[in-house]
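Engineer: Here it is, the structure in full.
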Amino acid sequence: MDILERLGRIDNRIIYTLLVIVLLVPLAKPIGLPVSVGKYTQKSFEVMDKLQAGDIIMLDMGYSISGASDVEPQTIAVIKHMMKKNVRIIFTSCVQEGGSIVENLMAPHEKAGKKYGEDWVNLGYLAGGENAIAATVRDLKKAYPKDFRGNSTDSLPLLSTVKSVADVKLYIFFTTQNADMYVRQVTPYKIPVVGGLISTISLQAEPYVQAGQLVGIMSGLRGGAEYETLMKDPGFGLASMDAQSMGHVLIVLFIIFANISYFVQRSRDAAKRKKGA
Amino acid sequence: MTTNPVIWVASLLTIAAFSYLYKENEFYRAMEHLYVGVAAGYTMVMGYQNVIAKAWDPFTKKGQVIAIVPALLGLLLFAPLISRRYAWLRRFPLAIVVGLGAALHARSSVVQEFVVQIRSTMISLTTIDNIIVAIGVLSVLTYFFFTFKQNAVTKTSAEIGKWVIMITFGAAFGNGIMGRISLLIGRLMLLFRDWLPLVKTQ
């Protein structure tokens with residue numbers, strides 16, 4: 001068996017080990033590869049950067065824990081940005097883990113002095129998927145009689161001026177599911193909508209940006225790194241980009257080697273068959 | 001090394017999950033069952049809290065009778081467990097869920113996913129991007145003409161459409177790989193930054 005044949009039959013476990021090594025090395029010793037900013041992340045950043053202190057936005061936490069590594073860096077960056085600008089956030093969630101994730105992400109900001117009920121509220125999870133989103137954006141307090149911490153939503157000062165999503169300056173969602181349901185239910189209210197998506201589904205959401213239904217989108221870990229670049233505040237996203245790039249290089253190499261091996265093997269088999277005939 | 005028990009548990013379970021990549025083993029199976037159990041438990045608690053906050057409390061504390069109606073309809077889903085004779089009762093909540101969901105979806109999707117999307121492809125052909133969008137849309141649509149025999153022009157267009165579709169699949173697959181690598185990086189960060197302090201980042 002020559003080297004080309006071996007490359008085509010390489011054991012999966014060797015590929016996994018190589019991938020882990022290739023990802024770990026740049027994490028331990030960053031290379032500092034440049035990160036360019038995509039136009040959709042740029043648009044997302046610009047609309048959020050224009051918000052003024054005291055403005056209220058609604059943020060739907062639609063990602064599950066299993067996809068958090070890809071979407072959370074963007075979420076952390078956006079929350080940090082908004083908190084820095086003293087923009088107030090109403091958190092909702094259409095996934096079960098949403099309420100707990102918000103509590104974790106907001107813990108450092110609460111510690112830093114952001115007041116619950118005035119600067120932010122966590123309304124937690126509302127069952128029903130798209131129906132829940134439709135109910136939330138139509139009448140917030142009716143959909144959520146209580147928040148995640150058990151307070152009556154009538155008692156929260158931040159919600160005193162907000163009846164529906166039309167009363168907030170911007171709606172942003174982070175999701176591992178799809179952007180379609182947000183476009184269907186939120187865009188009719190004619191407020192700017194931004195999406196933070198897991199990489200696997202971001203391509204499907206691009207037509208919505210081109211049609212103007214979404215102002216911008218951020219795609220996975222890369223989107224988080226781009227947002228951190230624009231904020232000039234490096235975090236988990238930028239720290240992971242070298243590893244991400246090196247992982248892609250390794251996968252591209254494997255695809256090339258596997259294809260070379262396949263075509264060489266095929267031509268050898270054809271030659272053997274010809275000889276035999 | 002951290003003394004945080006949460007990180008220890010998460011890290012050991014991550015290793016148990018990854019051990020499957022070597023081969024199927026007891027640790028992996030135990031972790032798999034634990035995951036299913038914890039997820040089911042969490043779902044039950046969240047469901048219970050939802051019923052209490054959105055139906056029971058408004059009904060008992062504020063006298064909102066309408067709030068209990070969806071919960072009662074939900075109870076009908078369990079009718080087959082009580083008696084096969086009353087199993088038909090579950091059709092009512094199912095019909096409402098399906099009907100409401102479909103109506104809510106259809107109401108907005110006609111405008112947002114059909115009209116607006118069609119309008120956004122009616123663009124002036126003044127830039128390369130716009131020309132590519134127009135050619136892409138037209139050729140892909142031609143590819144899906146099945147009702148009449150294609151001539152040379154539509155055949156060429158359909159062939160271009162096929163390539164556009166394949167390029168789109170390729171881009172989607174690339175995005176998929178990127179997403180999976182990100183998830184792996186997240187796990188590696190847990191193991192080698194939070195658990196074993198070998199990687200030092202923010």
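Ordered as shown in the structure tokens, chains take letters A, B, and onward, while each chain numbers its residues from 1 and ligands are numbered from 1 in the order shown.
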When you look at Glu5 of chain A with a cut-off of 10 Å (counting only C-alpha atoms), what residues show up, excluding the ones that are within fewer than 5 positions of it in the same chain? I need them as a list in words.
Structural biologist: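 Once the adjacent positions are removed, what remains is Ile10, Phe257, Ala258, Ile260, Ser261, Tyr262, Val264 and Gln265 of chain A.
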Engineer: Dump as CSV the rows for residues of chain A within 6 Å of chain B: closest atom pair and distance in Å with one decimal, only C-alpha atoms counted, ordered by chain and rising residue number.
Structural biologist:
```
residue,atom,partner,partner_atom,distance
A:Ala28,CA,B:Val199,CA,4.6
A:Ser69,CA,B:Gly186,CA,4.9
A:Asp70,CA,B:Ser182,CA,5.3
A:Arg184,CA,B:Ser108,CA,5.2
A:Ser199,CA,B:Gly179,CA,4.9
A:Thr200,CA,B:Gly176,CA,4.3
A:Ala211,CA,B:Ser120,CA,5.0
A:Gly235,CA,B:Gln202,CA,5.8
```
Engineer: Keeping only N, CA, C and O atoms, write the selected residues to a file as a PDB file, in the first residue's frame.
Structural biologist:
```pdb
ATOM      1  N   ALA A  28      -3.175  28.031  22.445  1.00  0.00           N
ATOM      2  CA  ALA A  28      -2.129  28.230  23.452  1.00  0.00           C
ATOM      3  C   ALA A  28      -1.136  29.305  23.017  1.00  0.00           C
ATOM      4  O   ALA A  28      -0.671  30.100  23.825  1.00  0.00           O
ATOM      5  N   SER A  69     -21.275  27.597  21.981  1.00  0.00           N
ATOM      6  CA  SER A  69     -19.884  27.967  21.652  1.00  0.00           C
ATOM      7  C   SER A  69     -19.823  28.811  20.393  1.00  0.00           C
ATOM      8  O   SER A  69     -18.930  29.637  20.233  1.00  0.00           O
ATOM      9  N   ASP A  70     -20.748  28.602  19.474  1.00  0.00           N
ATOM     10  CA  ASP A  70     -20.734  29.322  18.204  1.00  0.00           C
ATOM     11  C   ASP A  70     -21.425  30.687  18.307  1.00  0.00           C
ATOM     12  O   ASP A  70     -20.985  31.661  17.712  1.00  0.00           O
ATOM     13  N   ARG A 184     -40.894  36.484  10.024  1.00  0.00           N
ATOM     14  CA  ARG A 184     -42.352  36.420   9.858  1.00  0.00           C
ATOM     15  C   ARG A 184     -43.088  37.204  10.934  1.00  0.00           C
ATOM     16  O   ARG A 184     -44.079  37.864  10.661  1.00  0.00           O
ATOM     17  N   SER A 199     -23.421  29.432  12.623  1.00  0.00           N
ATOM     18  CA  SER A 199     -22.865  29.450  11.260  1.00  0.00           C
ATOM     19  C   SER A 199     -23.669  28.597  10.282  1.00  0.00           C
ATOM     20  O   SER A 199     -23.835  28.967   9.125  1.00  0.00           O
ATOM     21  N   THR A 200     -24.132  27.432  10.765  1.00  0.00           N
ATOM     22  CA  THR A 200     -24.787  26.486   9.859  1.00  0.00           C
ATOM     23  C   THR A 200     -26.035  27.048   9.175  1.00  0.00           C
ATOM     24  O   THR A 200     -26.412  26.577   8.115  1.00  0.00           O
ATOM     25  N   ALA A 211     -33.006  41.789   1.229  1.00  0.00           N
ATOM     26  CA  ALA A 211     -34.353  42.339   1.005  1.00  0.00           C
ATOM     27  C   ALA A 211     -34.693  43.445   2.009  1.00  0.00           C
ATOM     28  O   ALA A 211     -35.762  44.041   1.931  1.00  0.00           O
ATOM     29  N   GLY A 235     -12.242  39.465  22.782  1.00  0.00           N
ATOM     30  CA  GLY A 235     -12.816  38.506  23.722  1.00  0.00           C
ATOM     31  C   GLY A 235     -12.624  37.101  23.197  1.00  0.00           C
ATOM     32  O   GLY A 235     -11.698  36.826  22.427  1.00  0.00           O
TER      33      GLY A 235
END
```
Engineer: Can you list, as a list in words, every protein, DNA or RNA residue that comes within 6 Å of segment 82-97 of chain A when you count only C-alpha atoms, leaving out same-chain residues fewer than 3 positions away?
Structural biologist: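 Once the adjacent positions are removed, what remains is Ala53, Gly54, Asp55, Ile56, Ile57, Met58, Leu59, Asp60, Met61, Gly62, Ile79, Ser100, Asp119, Trp120, Val121, Asn122, Leu123, Gly124, Tyr125, Leu126 and Gly129 of chain A.
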Engineer: With N, CA and C atoms retained, could you export that selection as a JSON list (two decimals), in the first residue's frame?
Structural biologist:
```json
[["chain", "number", "residue", "atom", "x", "y", "z"],
["A", 53, "ALA", "N", -28.10, 56.38, 25.10],
["A", 53, "ALA", "CA", -28.29, 55.96, 26.49],
["A", 53, "ALA", "C", -29.77, 56.08, 26.85],
["A", 54, "GLY", "N", -30.30, 55.06, 27.49],
["A", 54, "GLY", "CA", -31.71, 55.08, 27.90],
["A", 54, "GLY", "C", -32.64, 54.41, 26.91],
["A", 55, "ASP", "N", -32.17, 54.22, 25.67],
["A", 55, "ASP", "CA", -32.99, 53.51, 24.68],
["A", 55, "ASP", "C", -33.26, 52.07, 25.16],
["A", 56, "ILE", "N", -34.40, 51.55, 24.74],
["A", 56, "ILE", "CA", -34.74, 50.17, 25.13],
["A", 56, "ILE", "C", -34.70, 49.28, 23.90],
["A", 57, "ILE", "N", -34.05, 48.13, 24.04],
["A", 57, "ILE", "CA", -34.08, 47.14, 22.96],
["A", 57, "ILE", "C", -34.63, 45.81, 23.51],
["A", 58, "MET", "N", -35.10, 44.96, 22.59],
["A", 58, "MET", "CA", -35.56, 43.65, 23.01],
["A", 58, "MET", "C", -34.59, 42.62, 22.43],
["A", 59, "LEU", "N", -34.18, 41.67, 23.27],
["A", 59, "LEU", "CA", -33.20, 40.67, 22.83],
["A", 59, "LEU", "C", -33.76, 39.28, 23.10],
["A", 60, "ASP", "N", -33.95, 38.49, 22.04],
["A", 60, "ASP", "CA", -34.45, 37.13, 22.24],
["A", 60, "ASP", "C", -33.30, 36.14, 22.25],
["A", 61, "MET", "N", -33.24, 35.38, 23.32],
["A", 61, "MET", "CA", -32.20, 34.37, 23.49],
["A", 61, "MET", "C", -32.74, 33.06, 22.93],
["A", 62, "GLY", "N", -32.42, 32.80, 21.67],
["A", 62, "GLY", "CA", -33.00, 31.62, 21.03],
["A", 62, "GLY", "C", -32.00, 30.52, 20.76],
["A", 79, "ILE", "N", -24.06, 42.36, 24.27],
["A", 79, "ILE", "CA", -24.53, 42.79, 25.60],
["A", 79, "ILE", "C", -23.53, 43.78, 26.21],
["A", 100, "SER", "N", -31.83, 30.92, 31.97],
["A", 100, "SER", "CA", -30.62, 30.63, 32.75],
["A", 100, "SER", "C", -29.39, 31.22, 32.07],
["A", 119, "ASP", "N", -32.36, 48.65, 34.31],
["A", 119, "ASP", "CA", -31.44, 48.59, 33.17],
["A", 119, "ASP", "C", -31.66, 47.35, 32.32],
["A", 120, "TRP", "N", -32.16, 46.31, 32.92],
["A", 120, "TRP", "CA", -32.44, 45.06, 32.18],
["A", 120, "TRP", "C", -33.46, 44.23, 32.91],
["A", 121, "VAL", "N", -34.17, 43.43, 32.16],
["A", 121, "VAL", "CA", -35.09, 42.45, 32.76],
["A", 121, "VAL", "C", -34.94, 41.13, 32.01],
["A", 122, "ASN", "N", -35.12, 40.05, 32.73],
["A", 122, "ASN", "CA", -35.05, 38.72, 32.13],
["A", 122, "ASN", "C", -36.43, 38.07, 32.23],
["A", 123, "LEU", "N", -37.13, 38.01, 31.12],
["A", 123, "LEU", "CA", -38.50, 37.48, 31.17],
["A", 123, "LEU", "C", -38.52, 35.95, 31.07],
["A", 124, "GLY", "N", -37.39, 35.36, 30.71],
["A", 124, "GLY", "CA", -37.30, 33.90, 30.70],
["A", 124, "GLY", "C", -37.95, 33.25, 29.49],
["A", 125, "TYR", "N", -38.27, 31.99, 29.68],
["A", 125, "TYR", "CA", -38.73, 31.15, 28.56],
["A", 125, "TYR", "C", -40.25, 31.19, 28.42],
["A", 126, "LEU", "N", -40.68, 31.28, 27.16],
["A", 126, "LEU", "CA", -42.11, 31.17, 26.87],
["A", 126, "LEU", "C", -42.29, 30.04, 25.86],
["A", 129, "GLY", "N", -42.58, 28.25, 20.67],
["A", 129, "GLY", "CA", -41.80, 28.55, 19.46],
["A", 129, "GLY", "C", -42.27, 29.83, 18.77]]
```
Engineer: For a quick check of understanding, using only C-alpha atoms, which of A:Gly8, A:Gly196, A:Gln177, A:Lys115 has the smallest distance to Tyr227 of chain A?
Structural biologist: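 Counting only C-alpha atoms, the residue closest to Tyr227 of chain A is A:Gly196.
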Engineer: Which polymer residues have any atom within 10 Å of an atom of Leu33 of chain A, counting only C-alpha atoms, with same-chain residues fewer than 2 positions away left out, as a PyMOL selection string?
Structural biologist: chain A and resi 30-31+35-36+238+241-243+245-246
Engineer: Kindly indicate which residue among A:Ser219, A:Lys274, A:Ile251, A:Ala205 lies nearest to Gln42 of chain A, using only C-alpha atoms for the distances.
Structural biologist: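 Counting only C-alpha atoms, the residue closest to Gln42 of chain A is A:Ser219.
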Engineer: Quick one: distance from atom CA of Ser139 of chain B to atom CA of Ser157 of chain B in Å, one decimal?
Structural biologist: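 Between atom CA of Ser139 of chain B and atom CA of Ser157 of chain B the gap works out to 4.9 Å.
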Engineer: Report the distance between atom CA of Gln185 of chain A and atom CA of Ile198 of chain A in Å, rounded to one decimal place.
Structural biologist: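 These two atoms are separated by 19.9 Å.
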Engineer: Do a neighbour search on Val140 of chain B at 9 Å with only C-alpha atoms, toss out local chain neighbours closer than 2 positions, and write the hits as a ChimeraX atom specification.
Structural biologist: /B:135-138,142-144,157-165
Engineer: Between atom CA of Ala95 of chain B and atom CA of Ser64 of chain A, what is the distance, to one decimal in Å?
Structural biologist: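 Answer for the atom CA of Ala95 of chain B to atom CA of Ser64 of chain A separation: 28.4 Å.
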Engineer: Would you please extract all alpha helix (DSSP H) residues from segment 13-147 of chain B, as assigned by DSSP on the backbone, and give them as a ChimeraX atom specification?
Structural biologist: /B:13-18,26-51,57-62,65-75,79-82,91-109,116-121,128-143
